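Have a look at model_26.cif; it's mmCIF, C-alpha atoms:
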data_final
loop_
_atom_site.group_PDB
_atom_site.id
_atom_site.type_symbol
_atom_site.label_atom_id
_atom_site.label_comp_id
_atom_site.auth_asym_id
_atom_site.auth_seq_id
_atom_site.Cartn_x
_atom_site.Cartn_y
_atom_site.Cartn_z
ATOM 1 C CA MET T 1351 -31.591 -77.000 62.749
ATOM 2 C CA GLY T 1352 -33.724 -77.059 65.804
ATOM 3 C CA MET T 1353 -32.587 -80.530 66.847
ATOM 4 C CA MET T 1354 -28.889 -79.809 66.441
ATOM 5 C CA LYS T 1355 -27.368 -77.459 68.994
ATOM 6 C CA LYS T 1356 -24.214 -75.515 68.226
ATOM 7 C CA VAL T 1357 -21.988 -78.048 69.926
ATOM 8 C CA PHE T 1358 -19.534 -80.592 68.626
ATOM 9 C CA PHE T 1359 -17.966 -83.795 69.848
ATOM 10 C CA ALA T 1360 -14.213 -83.549 70.288
ATOM 11 C CA LEU T 1361 -12.742 -86.956 69.544
ATOM 12 C CA CYS T 1362 -11.316 -88.618 72.662
ATOM 13 C CA ILE T 1363 -11.686 -85.368 74.648
ATOM 14 C CA ALA T 1364 -15.286 -84.463 75.538
ATOM 15 C CA PRO T 1365 -17.742 -87.041 76.912
ATOM 16 C CA ALA T 1366 -20.739 -87.535 74.640
ATOM 17 C CA ALA T 1367 -23.149 -87.281 77.567
ATOM 18 C CA LEU T 1368 -22.618 -83.516 77.587
ATOM 19 C CA PHE T 1369 -24.511 -83.173 74.300
ATOM 20 C CA ALA T 1370 -28.165 -84.218 74.512
ATOM 21 C CA ASP T 1371 -28.754 -83.691 70.794
ATOM 22 C CA CYS T 1372 -25.522 -85.299 69.630
ATOM 23 C CA ASN T 1373 -26.459 -88.925 70.141
ATOM 24 C CA VAL T 1374 -25.537 -90.801 66.969
ATOM 25 C CA LYS T 1375 -23.478 -93.675 68.336
ATOM 26 C CA GLY T 1376 -21.190 -95.924 66.350
ATOM 27 C CA ILE T 1377 -21.220 -99.694 66.169
ATOM 28 C CA GLU T 1378 -17.857 -99.868 67.951
ATOM 29 C CA LYS T 1379 -18.055 -98.956 71.631
ATOM 30 C CA ASP T 1380 -15.277 -96.370 71.393
ATOM 31 C CA ALA T 1381 -16.638 -94.702 68.226
ATOM 32 C CA PRO T 1382 -17.053 -90.919 68.405
ATOM 33 C CA VAL T 1383 -20.642 -89.825 69.037
ATOM 34 C CA LEU T 1384 -21.857 -87.639 66.163
ATOM 35 C CA CYS T 1385 -24.430 -84.861 65.878
ATOM 36 C CA GLY T 1386 -27.238 -84.954 63.357
ATOM 37 C CA ILE T 1387 -29.703 -87.427 61.857
ATOM 38 C CA ALA T 1388 -28.495 -90.899 60.816
ATOM 39 C CA VAL T 1389 -31.203 -91.474 58.203
ATOM 40 C CA GLN T 1390 -31.051 -91.601 54.415
ATOM 41 C CA GLY T 1391 -31.307 -87.956 53.346
ATOM 42 C CA GLY T 1392 -29.990 -86.739 56.707
ATOM 43 C CA MET T 1393 -26.752 -85.045 57.702
ATOM 44 C CA LEU T 1394 -24.095 -85.709 60.344
ATOM 45 C CA TYR T 1395 -21.410 -83.450 61.715
ATOM 46 C CA GLY T 1396 -18.968 -83.003 64.565
ATOM 47 C CA GLU T 1397 -15.674 -81.595 65.729
ATOM 48 C CA ALA T 1398 -12.401 -83.484 65.928
ATOM 49 C CA ASP T 1399 -9.535 -81.083 66.556
ATOM 50 C CA GLY T 1400 -6.249 -82.530 65.404
ATOM 51 C CA TRP T 1401 -7.915 -85.268 63.357
ATOM 52 C CA LYS T 1402 -8.683 -85.554 59.658
ATOM 53 C CA VAL T 1403 -11.949 -87.314 58.869
ATOM 54 C CA TYR T 1404 -12.636 -89.298 55.687
ATOM 55 C CA LYS T 1405 -15.807 -90.724 54.166
ATOM 56 C CA GLY T 1406 -14.501 -93.201 51.630
ATOM 57 C CA LYS T 1407 -11.658 -91.445 49.816
ATOM 58 C CA ASP T 1408 -13.085 -87.972 50.433
ATOM 59 C CA LYS T 1409 -11.671 -85.800 53.206
ATOM 60 C CA ILE T 1410 -14.706 -84.241 54.889
ATOM 61 C CA SER T 1411 -13.052 -82.271 57.709
ATOM 62 C CA LYS T 1412 -11.911 -78.656 57.579
ATOM 63 C CA ASP T 1413 -10.436 -76.625 60.428
ATOM 64 C CA GLY T 1414 -11.393 -79.310 62.945
ATOM 65 C CA VAL T 1415 -15.028 -79.509 61.794
ATOM 66 C CA PHE T 1416 -16.464 -82.345 59.710
ATOM 67 C CA VAL T 1417 -19.811 -82.342 57.934
ATOM 68 C CA PHE T 1418 -21.321 -84.816 55.500
ATOM 69 C CA GLY T 1419 -24.658 -85.680 53.968
ATOM 70 C CA LEU T 1420 -26.343 -89.049 53.609
ATOM 71 C CA ASP T 1421 -27.591 -89.861 50.125
ATOM 72 C CA ARG T 1422 -31.157 -90.955 49.359
ATOM 73 C CA ASP T 1423 -29.765 -94.468 48.835
ATOM 74 C CA GLU T 1424 -27.033 -94.404 51.494
ATOM 75 C CA PRO T 1425 -26.083 -97.989 52.494
ATOM 76 C CA GLU T 1426 -27.120 -99.264 55.909
ATOM 77 C CA ILE T 1427 -23.548 -99.248 57.219
ATOM 78 C CA LEU T 1428 -21.583 -96.007 57.065
ATOM 79 C CA GLU T 1429 -17.831 -96.163 57.462
ATOM 80 C CA LEU T 1430 -15.726 -93.188 58.550
ATOM 81 C CA LYS T 1431 -12.007 -92.952 59.084
ATOM 82 C CA PHE T 1432 -10.431 -90.647 61.679
ATOM 83 C CA CYS T 1433 -6.745 -89.989 61.038
ATOM 84 C CA SER T 1434 -4.214 -88.356 63.335
ATOM 85 C CA PHE T 1435 -0.593 -87.593 62.588
ATOM 86 C CA TRP T 1436 0.311 -91.142 63.638
ATOM 87 C CA SER T 1437 -2.459 -93.418 62.430
ATOM 88 C CA CYS T 1438 -6.046 -93.841 61.174
ATOM 89 C CA ARG T 1439 -8.954 -95.377 63.066
ATOM 90 C CA PRO T 1440 -12.044 -96.723 61.231
ATOM 91 C CA TYR T 1441 -15.517 -96.544 62.765
ATOM 92 C CA SER T 1442 -18.932 -97.706 61.549
ATOM 93 C CA TYR T 1443 -22.423 -96.271 62.002
ATOM 94 C CA LYS T 1444 -25.877 -97.650 61.190
ATOM 95 C CA ILE T 1445 -27.977 -95.545 58.813
ATOM 96 C CA LYS T 1446 -31.756 -95.919 58.938
ATOM 97 C CA GLN T 1447 -33.171 -97.020 55.598
ATOM 98 C CA ARG T 1448 -36.328 -95.536 54.057
ATOM 99 C CA GLU T 1449 -39.023 -96.443 51.566
ATOM 100 C CA TYR T 1450 -40.041 -93.911 48.928
ATOM 101 C CA ILE T 1451 -43.322 -93.270 47.167
ATOM 102 C CA GLU T 1452 -43.885 -92.887 43.430
ATOM 103 C CA GLN T 1453 -45.277 -89.638 42.086
ATOM 104 C CA LYS T 1454 -46.717 -89.117 38.596
ATOM 105 C CA VAL T 1455 -46.477 -85.612 37.129
ATOM 106 C CA ASN T 1456 -47.759 -84.163 33.861
ATOM 107 C CA VAL T 1457 -45.676 -81.382 32.291
ATOM 108 C CA PRO T 1458 -45.248 -79.929 28.774
ATOM 109 C CA GLN T 1459 -43.588 -82.547 26.573
ATOM 110 C CA LYS T 1460 -40.619 -80.252 25.871
ATOM 111 C CA PHE T 1461 -39.476 -80.991 29.419
ATOM 112 C CA VAL T 1462 -39.475 -84.756 28.825
ATOM 113 C CA THR T 1463 -37.869 -85.079 25.373
ATOM 114 C CA TYR T 1464 -35.219 -82.564 24.338
ATOM 115 C CA SER T 1465 -33.532 -81.414 21.166
ATOM 116 C CA ASP T 1466 -29.736 -81.599 20.957
ATOM 117 C CA ASP T 1467 -29.498 -77.833 21.493
ATOM 118 C CA VAL T 1468 -31.663 -77.999 24.608
ATOM 119 C CA GLN T 1469 -29.663 -80.948 25.955
ATOM 120 C CA ARG T 1470 -26.453 -78.937 25.502
ATOM 121 C CA ARG T 1471 -28.016 -76.052 27.425
ATOM 122 C CA ILE T 1472 -29.145 -78.366 30.228
ATOM 123 C CA ASP T 1473 -25.667 -79.919 30.462
ATOM 124 C CA ALA T 1474 -23.992 -76.492 30.601
ATOM 125 C CA GLU T 1475 -26.359 -75.270 33.311
ATOM 126 C CA ASN T 1476 -25.871 -78.429 35.363
ATOM 127 C CA ASN T 1477 -22.098 -77.935 35.123
ATOM 128 C CA ALA T 1478 -22.462 -74.329 36.325
ATOM 129 C CA ILE T 1479 -24.572 -75.449 39.292
ATOM 130 C CA ARG T 1480 -22.042 -78.161 40.107
ATOM 131 C CA ALA T 1481 -19.217 -75.620 39.985
ATOM 132 C CA ALA T 1482 -21.107 -73.292 42.347
ATOM 133 C CA ARG T 1483 -21.612 -76.101 44.848
ATOM 134 C CA THR T 1484 -17.981 -77.196 44.529
ATOM 135 C CA GLY T 1485 -16.849 -73.660 45.329
ATOM 136 C CA SER T 1486 -18.939 -73.654 48.499
ATOM 137 C CA ILE T 1487 -16.845 -76.456 50.021
ATOM 138 C CA GLU T 1488 -14.214 -73.934 51.123
ATOM 139 C CA ASP T 1489 -16.732 -71.725 53.005
ATOM 140 C CA ASP T 1490 -15.981 -72.230 56.682
ATOM 141 C CA TRP T 1491 -19.038 -70.737 58.388
ATOM 142 C CA ARG T 1492 -21.548 -72.970 60.195
ATOM 143 C CA GLU T 1493 -24.965 -71.572 59.345
ATOM 144 C CA PHE T 1494 -26.105 -75.062 58.281
ATOM 145 C CA MET T 1495 -26.892 -75.740 61.942
ATOM 146 C CA ASP T 1496 -29.728 -73.200 61.924
ATOM 147 C CA PHE T 1497 -32.056 -74.281 59.100
ATOM 148 C CA SER T 1498 -35.644 -73.126 59.537
ATOM 149 C CA LEU T 1499 -38.517 -72.696 57.097
ATOM 150 C CA PRO T 1500 -39.515 -69.000 56.967
ATOM 151 C CA GLN T 1501 -42.874 -68.165 58.551
ATOM 152 C CA THR T 1502 -44.224 -66.934 55.199
ATOM 153 C CA LEU T 1503 -44.006 -70.502 53.831
ATOM 154 C CA LYS T 1504 -45.151 -72.574 56.804
ATOM 155 C CA LYS T 1505 -48.867 -72.156 56.067
ATOM 156 C CA PHE T 1506 -48.672 -73.745 52.606
ATOM 157 C CA PRO T 1507 -49.088 -77.497 51.938
ATOM 158 C CA ILE T 1508 -46.323 -79.857 50.826
ATOM 159 C CA SER T 1509 -46.929 -81.089 47.277
ATOM 160 C CA GLY T 1510 -43.769 -83.137 46.724
ATOM 161 C CA VAL T 1511 -41.452 -84.948 49.131
ATOM 162 C CA PHE T 1512 -37.792 -85.886 49.047
ATOM 163 C CA GLY T 1513 -36.806 -89.179 47.474
ATOM 164 C CA SER T 1514 -40.043 -89.929 45.621
ATOM 165 C CA ARG T 1515 -39.679 -91.770 42.336
ATOM 166 C CA ARG T 1516 -40.776 -89.319 39.635
ATOM 167 C CA VAL T 1517 -42.653 -90.303 36.466
ATOM 168 C CA PHE T 1518 -43.074 -87.412 34.016
ATOM 169 C CA ASN T 1519 -45.721 -87.955 31.307
ATOM 170 C CA GLY T 1520 -45.371 -91.689 31.843
ATOM 171 C CA VAL T 1521 -41.566 -91.621 31.570
ATOM 172 C CA PRO T 1522 -39.557 -92.574 34.727
ATOM 173 C CA ARG T 1523 -36.983 -89.937 35.662
ATOM 174 C CA ALA T 1524 -34.540 -89.314 38.498
ATOM 175 C CA PRO T 1525 -35.966 -89.289 42.038
ATOM 176 C CA HIS T 1526 -37.169 -86.020 43.512
ATOM 177 C CA ARG T 1527 -34.286 -84.342 45.310
ATOM 178 C CA GLY T 1528 -36.058 -81.727 47.387
ATOM 179 C CA LEU T 1529 -39.264 -80.514 49.017
ATOM 180 C CA ASP T 1530 -42.080 -78.911 47.012
ATOM 181 C CA ILE T 1531 -44.129 -76.231 48.764
ATOM 182 C CA ALA T 1532 -47.397 -75.372 47.025
ATOM 183 C CA ALA T 1533 -47.292 -71.608 47.530
ATOM 184 C CA PRO T 1534 -48.896 -69.302 44.944
ATOM 185 C CA LYS T 1535 -47.027 -67.187 42.443
ATOM 186 C CA GLY T 1536 -45.583 -64.052 44.010
ATOM 187 C CA THR T 1537 -45.092 -65.507 47.499
ATOM 188 C CA PRO T 1538 -41.724 -64.399 48.952
ATOM 189 C CA ALA T 1539 -39.144 -67.198 49.116
ATOM 190 C CA GLY T 1540 -36.890 -66.598 52.113
ATOM 191 C CA SER T 1541 -33.517 -68.202 52.759
ATOM 192 C CA ILE T 1542 -33.703 -71.007 55.317
ATOM 193 C CA ALA T 1543 -30.479 -69.792 56.995
ATOM 194 C CA ALA T 1544 -27.876 -67.074 56.679
ATOM 195 C CA GLY T 1545 -25.330 -67.484 53.916
ATOM 196 C CA ARG T 1546 -23.864 -66.248 50.644
ATOM 197 C CA VAL T 1547 -25.480 -66.449 47.205
ATOM 198 C CA VAL T 1548 -23.355 -68.624 44.886
ATOM 199 C CA PHE T 1549 -25.775 -69.066 41.951
ATOM 200 C CA ALA T 1550 -28.605 -66.930 40.572
ATOM 201 C CA LYS T 1551 -29.763 -67.688 37.045
ATOM 202 C CA ASP T 1552 -32.706 -68.654 34.846
ATOM 203 C CA THR T 1553 -32.232 -72.309 33.788
ATOM 204 C CA TYR T 1554 -34.160 -74.603 31.450
ATOM 205 C CA MET T 1555 -35.204 -77.343 33.866
ATOM 206 C CA ALA T 1556 -35.223 -75.585 37.249
ATOM 207 C CA GLY T 1557 -36.377 -72.216 35.948
ATOM 208 C CA LYS T 1558 -35.169 -69.175 37.856
ATOM 209 C CA THR T 1559 -32.885 -70.576 40.531
ATOM 210 C CA VAL T 1560 -30.977 -69.265 43.545
ATOM 211 C CA ILE T 1561 -28.387 -71.270 45.512
ATOM 212 C CA VAL T 1562 -27.095 -70.108 48.912
ATOM 213 C CA SER T 1563 -23.981 -71.449 50.649
ATOM 214 C CA HIS T 1564 -24.237 -72.081 54.398
ATOM 215 C CA GLY T 1565 -20.705 -73.341 54.997
ATOM 216 C CA HIS T 1566 -18.678 -76.564 54.665
ATOM 217 C CA GLY T 1567 -20.234 -77.417 51.312
ATOM 218 C CA VAL T 1568 -23.839 -77.240 52.537
ATOM 219 C CA THR T 1569 -26.140 -75.250 50.227
ATOM 220 C CA SER T 1570 -29.846 -74.535 49.883
ATOM 221 C CA SER T 1571 -31.582 -74.157 46.516
ATOM 222 C CA TYR T 1572 -34.733 -72.269 45.517
ATOM 223 C CA LEU T 1573 -36.149 -73.402 42.153
ATOM 224 C CA HIS T 1574 -38.925 -72.340 39.762
ATOM 225 C CA LEU T 1575 -38.902 -68.732 40.987
ATOM 226 C CA ASP T 1576 -40.878 -66.015 39.234
ATOM 227 C CA THR T 1577 -38.252 -63.402 40.106
ATOM 228 C CA ILE T 1578 -34.661 -63.508 41.370
ATOM 229 C CA ASP T 1579 -34.018 -60.705 43.869
ATOM 230 C CA VAL T 1580 -30.375 -61.347 44.783
ATOM 231 C CA ASP T 1581 -27.052 -61.454 42.957
ATOM 232 C CA VAL T 1582 -24.129 -63.865 43.198
ATOM 233 C CA GLY T 1583 -21.908 -62.745 46.074
ATOM 234 C CA ASP T 1584 -24.719 -61.213 48.130
ATOM 235 C CA SER T 1585 -24.898 -62.094 51.815
ATOM 236 C CA VAL T 1586 -28.379 -63.024 53.038
ATOM 237 C CA SER T 1587 -29.755 -63.398 56.525
ATOM 238 C CA ALA T 1588 -32.107 -66.131 57.705
ATOM 239 C CA GLY T 1589 -35.559 -65.530 56.232
ATOM 240 C CA GLU T 1590 -34.375 -62.841 53.811
ATOM 241 C CA MET T 1591 -36.153 -63.002 50.455
ATOM 242 C CA VAL T 1592 -34.086 -64.395 47.581
ATOM 243 C CA GLY T 1593 -36.945 -64.254 45.059
ATOM 244 C CA LYS T 1594 -40.658 -64.704 44.538
ATOM 245 C CA ILE T 1595 -42.240 -68.102 43.938
ATOM 246 C CA GLY T 1596 -43.322 -68.865 40.390
ATOM 247 C CA ALA T 1597 -43.821 -71.588 37.796
ATOM 248 C CA THR T 1598 -40.685 -71.389 35.663
ATOM 249 C CA GLY T 1599 -38.893 -74.433 34.266
ATOM 250 C CA ARG T 1600 -40.284 -77.977 34.417
ATOM 251 C CA VAL T 1601 -43.380 -77.589 36.569
ATOM 252 C CA SER T 1602 -47.045 -78.493 36.565
ATOM 253 C CA GLY T 1603 -47.971 -75.336 38.498
ATOM 254 C CA ALA T 1604 -46.630 -72.612 40.764
ATOM 255 C CA HIS T 1605 -44.623 -73.852 43.748
ATOM 256 C CA LEU T 1606 -41.221 -73.640 45.431
ATOM 257 C CA HIS T 1607 -38.819 -76.539 45.085
ATOM 258 C CA LEU T 1608 -36.582 -76.246 48.141
ATOM 259 C CA GLY T 1609 -33.390 -78.277 48.037
ATOM 260 C CA ILE T 1610 -30.529 -78.837 50.465
ATOM 261 C CA ASN T 1611 -27.228 -80.313 49.315
ATOM 262 C CA TRP T 1612 -23.998 -81.332 50.947
ATOM 263 C CA ARG T 1613 -21.501 -80.922 48.120
ATOM 264 C CA HIS T 1614 -23.322 -82.789 45.334
ATOM 265 C CA VAL T 1615 -25.429 -85.014 47.584
ATOM 266 C CA ALA T 1616 -29.116 -84.060 47.830
ATOM 267 C CA LEU T 1617 -30.556 -84.133 51.372
ATOM 268 C CA ASP T 1618 -34.075 -84.110 52.802
ATOM 269 C CA PRO T 1619 -35.123 -80.558 53.805
ATOM 270 C CA GLU T 1620 -37.944 -81.864 56.008
ATOM 271 C CA LEU T 1621 -35.446 -83.787 58.143
ATOM 272 C CA LEU T 1622 -32.981 -80.929 58.441
ATOM 273 C CA MET T 1623 -35.493 -78.210 59.332
ATOM 274 C CA LYS T 1624 -37.155 -80.113 62.189
#

Is it possible to express this structure as structure tokens?
Amino acid sequence: MGMMKKVFFALCIAPAALFADCNVKGIEKDAPVLCGIAVQGGMLYGEADGWKVYKGKDKISKDGVFVFGLDRDEPEILELKFCSFWSCRPYSYKIKQREYIEQKVNVPQKFVTYSDDVQRRIDAENNAIRAARTGSIEDDWREFMDFSLPQTLKKFPISGVFGSRRVFNGVPRAPHRGLDIAAPKGTPAGSIAAGRVVFAKDTYMAGKTVIVSHGHGVTSSYLHLDTIDVDVGDSVSAGEMVGKIGATGRVSGAHLHLGINWRHVALDPELLMK
């Protein structure tokens, strides 16, 4: 991430003024200053050696580093809890709220109404994707700080944005959870950062899909590929091709759906690659 330098705030140790890009201040005057983007669809992170950090009931820190994503509908007030051996300290942060557009899409009807057999397949594939993302939580590398859209994709227009309310064939569906890049079939799809492939499979809805782990539960996803050119377990470098762009799954034409998730929370790739 160009805006997020490889630096962290050490709770009650390092002054926040040292970190020009780590400027997310809390509501309380003594709140730790965080790194990242405090906007719905954004991501925040930091370092708090000797402290455990919680978002709600979920422990989000590992080995002194904490990372967490902000949902499309994240409430305006975020509450974190920093716990030491002796006690816990709550802090609050303001999250910028967004408005989302509506997008109407026409696709083959088989991707709007499903048979029982197809629904069972979709459920099984969603469970497999969820399991892959769950497994990535234990990865301790920090490549999520270096997201960048590969040069081969920068020249193509954006055809779908994060958070938009999707209407397929007149039927409202779940909001769009990624960024659509209108690149033609056969265009190389490069990984937006170094990482490890945790999922590579042809699925009903997303078509041929690759998911790469970048550490601390942060993953990137490449959907609707024409070919998959990596295997689960492969290490990839930033920009390395994971497949070629296609029109598989529920699509109205060839494009790349690029997704970024923290655990099971979808984030806005446009925010995180700036």

Checklist entry - Which residues, written as a ChimeraX atom specification, have at least one atom at most 12 Å from T:Gly1376, with only C-alpha atoms counted and residues fewer than 3 positions away on the same chain left out? => result /T:1366,1372-1373,1379-1385,1388,1427-1430,1440-1445

Item to check | Test item: which residues lie within 12 Å of (-29.6, -85.5, 48.4) counting all atoms listed in the file, as number ranges by chain | outcome: T: 1389-1393, 1418-1424, 1511-1514, 1524-1529, 1568-1571, 1608-1622

Filtering to C-alpha atoms, could you give me those residues as a PDB file, keeping the file's coordinate frame?
ATOM      1  CA  VAL T1389     -31.203 -91.474  58.203  1.00  0.00           C
ATOM      2  CA  GLN T1390     -31.051 -91.601  54.415  1.00  0.00           C
ATOM      3  CA  GLY T1391     -31.307 -87.956  53.346  1.00  0.00           C
ATOM      4  CA  GLY T1392     -29.990 -86.739  56.707  1.00  0.00           C
ATOM      5  CA  MET T1393     -26.752 -85.045  57.702  1.00  0.00           C
ATOM      6  CA  PHE T1418     -21.321 -84.816  55.500  1.00  0.00           C
ATOM      7  CA  GLY T1419     -24.658 -85.680  53.968  1.00  0.00           C
ATOM      8  CA  LEU T1420     -26.343 -89.049  53.609  1.00  0.00           C
ATOM      9  CA  ASP T1421     -27.591 -89.861  50.125  1.00  0.00           C
ATOM     10  CA  ARG T1422     -31.157 -90.955  49.359  1.00  0.00           C
ATOM     11  CA  ASP T1423     -29.765 -94.468  48.835  1.00  0.00           C
ATOM     12  CA  GLU T1424     -27.033 -94.404  51.494  1.00  0.00           C
ATOM     13  CA  VAL T1511     -41.452 -84.948  49.131  1.00  0.00           C
ATOM     14  CA  PHE T1512     -37.792 -85.886  49.047  1.00  0.00           C
ATOM     15  CA  GLY T1513     -36.806 -89.179  47.474  1.00  0.00           C
ATOM     16  CA  SER T1514     -40.043 -89.929  45.621  1.00  0.00           C
ATOM     17  CA  ALA T1524     -34.540 -89.314  38.498  1.00  0.00           C
ATOM     18  CA  PRO T1525     -35.966 -89.289  42.038  1.00  0.00           C
ATOM     19  CA  HIS T1526     -37.169 -86.020  43.512  1.00  0.00           C
ATOM     20  CA  ARG T1527     -34.286 -84.342  45.310  1.00  0.00           C
ATOM     21  CA  GLY T1528     -36.058 -81.727  47.387  1.00  0.00           C
ATOM     22  CA  LEU T1529     -39.264 -80.514  49.017  1.00  0.00           C
ATOM     23  CA  VAL T1568     -23.839 -77.240  52.537  1.00  0.00           C
ATOM     24  CA  THR T1569     -26.140 -75.250  50.227  1.00  0.00           C
ATOM     25  CA  SER T1570     -29.846 -74.535  49.883  1.00  0.00           C
ATOM     26  CA  SER T1571     -31.582 -74.157  46.516  1.00  0.00           C
ATOM     27  CA  LEU T1608     -36.582 -76.246  48.141  1.00  0.00           C
ATOM     28  CA  GLY T1609     -33.390 -78.277  48.037  1.00  0.00           C
ATOM     29  CA  ILE T1610     -30.529 -78.837  50.465  1.00  0.00           C
ATOM     30  CA  ASN T1611     -27.228 -80.313  49.315  1.00  0.00           C
ATOM     31  CA  TRP T1612     -23.998 -81.332  50.947  1.00  0.00           C
ATOM     32  CA  ARG T1613     -21.501 -80.922  48.120  1.00  0.00           C
ATOM     33  CA  HIS T1614     -23.322 -82.789  45.334  1.00  0.00           C
ATOM     34  CA  VAL T1615     -25.429 -85.014  47.584  1.00  0.00           C
ATOM     35  CA  ALA T1616     -29.116 -84.060  47.830  1.00  0.00           C
ATOM     36  CA  LEU T1617     -30.556 -84.133  51.372  1.00  0.00           C
ATOM     37  CA  ASP T1618     -34.075 -84.110  52.802  1.00  0.00           C
ATOM     38  CA  PRO T1619     -35.123 -80.558  53.805  1.00  0.00           C
ATOM     39  CA  GLU T1620     -37.944 -81.864  56.008  1.00  0.00           C
ATOM     40  CA  LEU T1621     -35.446 -83.787  58.143  1.00  0.00           C
ATOM     41  CA  LEU T1622     -32.981 -80.929  58.441  1.00  0.00           C
TER      42      LEU T1622
END

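Using all atoms listed in the file for every distance, the candidate list T:Glu1493, T:Gly1596, T:Val1417, T:Thr1537 yields T:Thr1537 as the residue closest to T:Lys1505.
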
Return as JSON the centre and edge lengths, in Å with one decimal, of the box along x, y and z that encloses every atom of stretch 1556-1566 of chain T in the file, padded by 8 Å per side.
{"center_x": -27.5, "center_y": -72.9, "center_z": 45.5, "size_x": 33.7, "size_y": 23.4, "size_z": 35.0}

Checklist entry - Looking at all atoms listed in the file, which of T:Lys1446, T:Arg1492, T:Arg1515, T:Arg1470 is the one that sits closest to T:Glu1397? => result T:Arg1492

Checklist outcome for this item: Shortest contact to T:Val1548, candidates T:Thr1598, T:Ser1563, T:Thr1463, T:Ser1498, atoms counted all atoms listed in the file, goes to T:Ser1563

Next on the checklist: Using all atoms listed in the file, which protein or nucleic acid residues come within 7 Å of T:Pro1507? Drop anything in the same chain fewer than 2 positions from it, and give the result as a ChimeraX atom specification.
Outcome noted: /T:1505,1509,1531-1532

Output C-alpha atoms for every residue in the selection just made, as a PDB file, keeping the file's coordinate frame.
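Once written, result.pdb looks like this:
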ATOM      1  CA  LYS T1505     -48.867 -72.156  56.067  1.00  0.00           C
ATOM      2  CA  SER T1509     -46.929 -81.089  47.277  1.00  0.00           C
ATOM      3  CA  ILE T1531     -44.129 -76.231  48.764  1.00  0.00           C
ATOM      4  CA  ALA T1532     -47.397 -75.372  47.025  1.00  0.00           C
TER       5      ALA T1532
END

Checklist outcome for this item: atom CA of T:Asp1466 sits from atom CA of T:Ile1479 at a separation of 20.0 Å

Checklist entry - How would you write, as a PyMOL selection string, the residues chosen by the PyMOL selection byres ((chain T and resi 1404-1412) around 9) on this structure? => result chain T and resi 1397-1398+1401-1403+1413-1418+1428-1433+1488+1490+1566

Keeping only C-alpha atoms, write those residues as an mmCIF file, in the coordinates of the input.
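Just written: out-v3.cif:
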data_model
loop_
_atom_site.group_PDB
_atom_site.id
_atom_site.type_symbol
_atom_site.label_atom_id
_atom_site.label_comp_id
_atom_site.auth_asym_id
_atom_site.auth_seq_id
_atom_site.Cartn_x
_atom_site.Cartn_y
_atom_site.Cartn_z
ATOM 1 C CA GLU T 1397 -15.674 -81.595 65.729
ATOM 2 C CA ALA T 1398 -12.401 -83.484 65.928
ATOM 3 C CA TRP T 1401 -7.915 -85.268 63.357
ATOM 4 C CA LYS T 1402 -8.683 -85.554 59.658
ATOM 5 C CA VAL T 1403 -11.949 -87.314 58.869
ATOM 6 C CA ASP T 1413 -10.436 -76.625 60.428
ATOM 7 C CA GLY T 1414 -11.393 -79.310 62.945
ATOM 8 C CA VAL T 1415 -15.028 -79.509 61.794
ATOM 9 C CA PHE T 1416 -16.464 -82.345 59.710
ATOM 10 C CA VAL T 1417 -19.811 -82.342 57.934
ATOM 11 C CA PHE T 1418 -21.321 -84.816 55.500
ATOM 12 C CA LEU T 1428 -21.583 -96.007 57.065
ATOM 13 C CA GLU T 1429 -17.831 -96.163 57.462
ATOM 14 C CA LEU T 1430 -15.726 -93.188 58.550
ATOM 15 C CA LYS T 1431 -12.007 -92.952 59.084
ATOM 16 C CA PHE T 1432 -10.431 -90.647 61.679
ATOM 17 C CA CYS T 1433 -6.745 -89.989 61.038
ATOM 18 C CA GLU T 1488 -14.214 -73.934 51.123
ATOM 19 C CA ASP T 1490 -15.981 -72.230 56.682
ATOM 20 C CA HIS T 1566 -18.678 -76.564 54.665
#

Next on the checklist: What's the separation between atom CA of T:Ser1486 and atom CA of T:Gly1565, in Å to one decimal place?
Outcome noted: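 Calculated distance between atom CA of T:Ser1486 and atom CA of T:Gly1565 is 6.7 Å.
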
Checklist entry - Just how far from atom CA of T:Ala1539 is atom CA of T:Met1591, in Å to one decimal? => result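 Atom-to-atom, atom CA of T:Met1591 to atom CA of T:Ala1539, that is 5.3 Å.
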
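Taking only C-alpha atoms into account, T:Ala1550 lies nearest to T:Glu1475 out of the set T:Glu1475, T:Glu1590, T:Asp1530, T:Glu1426.
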
Next on the checklist: Could you tell me, as a PyMOL selection string, exactly which residues end up selected when the PyMOL selection byres ((chain T and resi 1476) around 12) is applied to this structure?
Outcome noted: chain T and resi 1469-1475+1477-1483+1549+1551-1556+1559+1614

Next on the checklist: So that I can check the surroundings of T:Phe1497, please list as a PyMOL selection string every protein, DNA and RNA residue that reaches within 10 Å of it, counting only C-alpha atoms and ignoring chain neighbours fewer than 3 positions away.
Outcome noted: chain T and resi 1351-1354+1493-1494+1500+1541-1544+1564+1570+1588-1589+1610+1619+1622-1624

Can those selected residues be exported to a file as a compact mmCIF listing (two decimals), keeping the file's coordinate frame so that it contains C-alpha atoms?
# COMPACT_ATOMS: atom_id res chain seq x y z
CA MET T 1351 -31.59 -77.00 62.75
CA GLY T 1352 -33.72 -77.06 65.80
CA MET T 1353 -32.59 -80.53 66.85
CA MET T 1354 -28.89 -79.81 66.44
CA GLU T 1493 -24.96 -71.57 59.34
CA PHE T 1494 -26.10 -75.06 58.28
CA PRO T 1500 -39.52 -69.00 56.97
CA SER T 1541 -33.52 -68.20 52.76
CA ILE T 1542 -33.70 -71.01 55.32
CA ALA T 1543 -30.48 -69.79 57.00
CA ALA T 1544 -27.88 -67.07 56.68
CA HIS T 1564 -24.24 -72.08 54.40
CA SER T 1570 -29.85 -74.54 49.88
CA ALA T 1588 -32.11 -66.13 57.70
CA GLY T 1589 -35.56 -65.53 56.23
CA ILE T 1610 -30.53 -78.84 50.46
CA PRO T 1619 -35.12 -80.56 53.80
CA LEU T 1622 -32.98 -80.93 58.44
CA MET T 1623 -35.49 -78.21 59.33
CA LYS T 1624 -37.16 -80.11 62.19
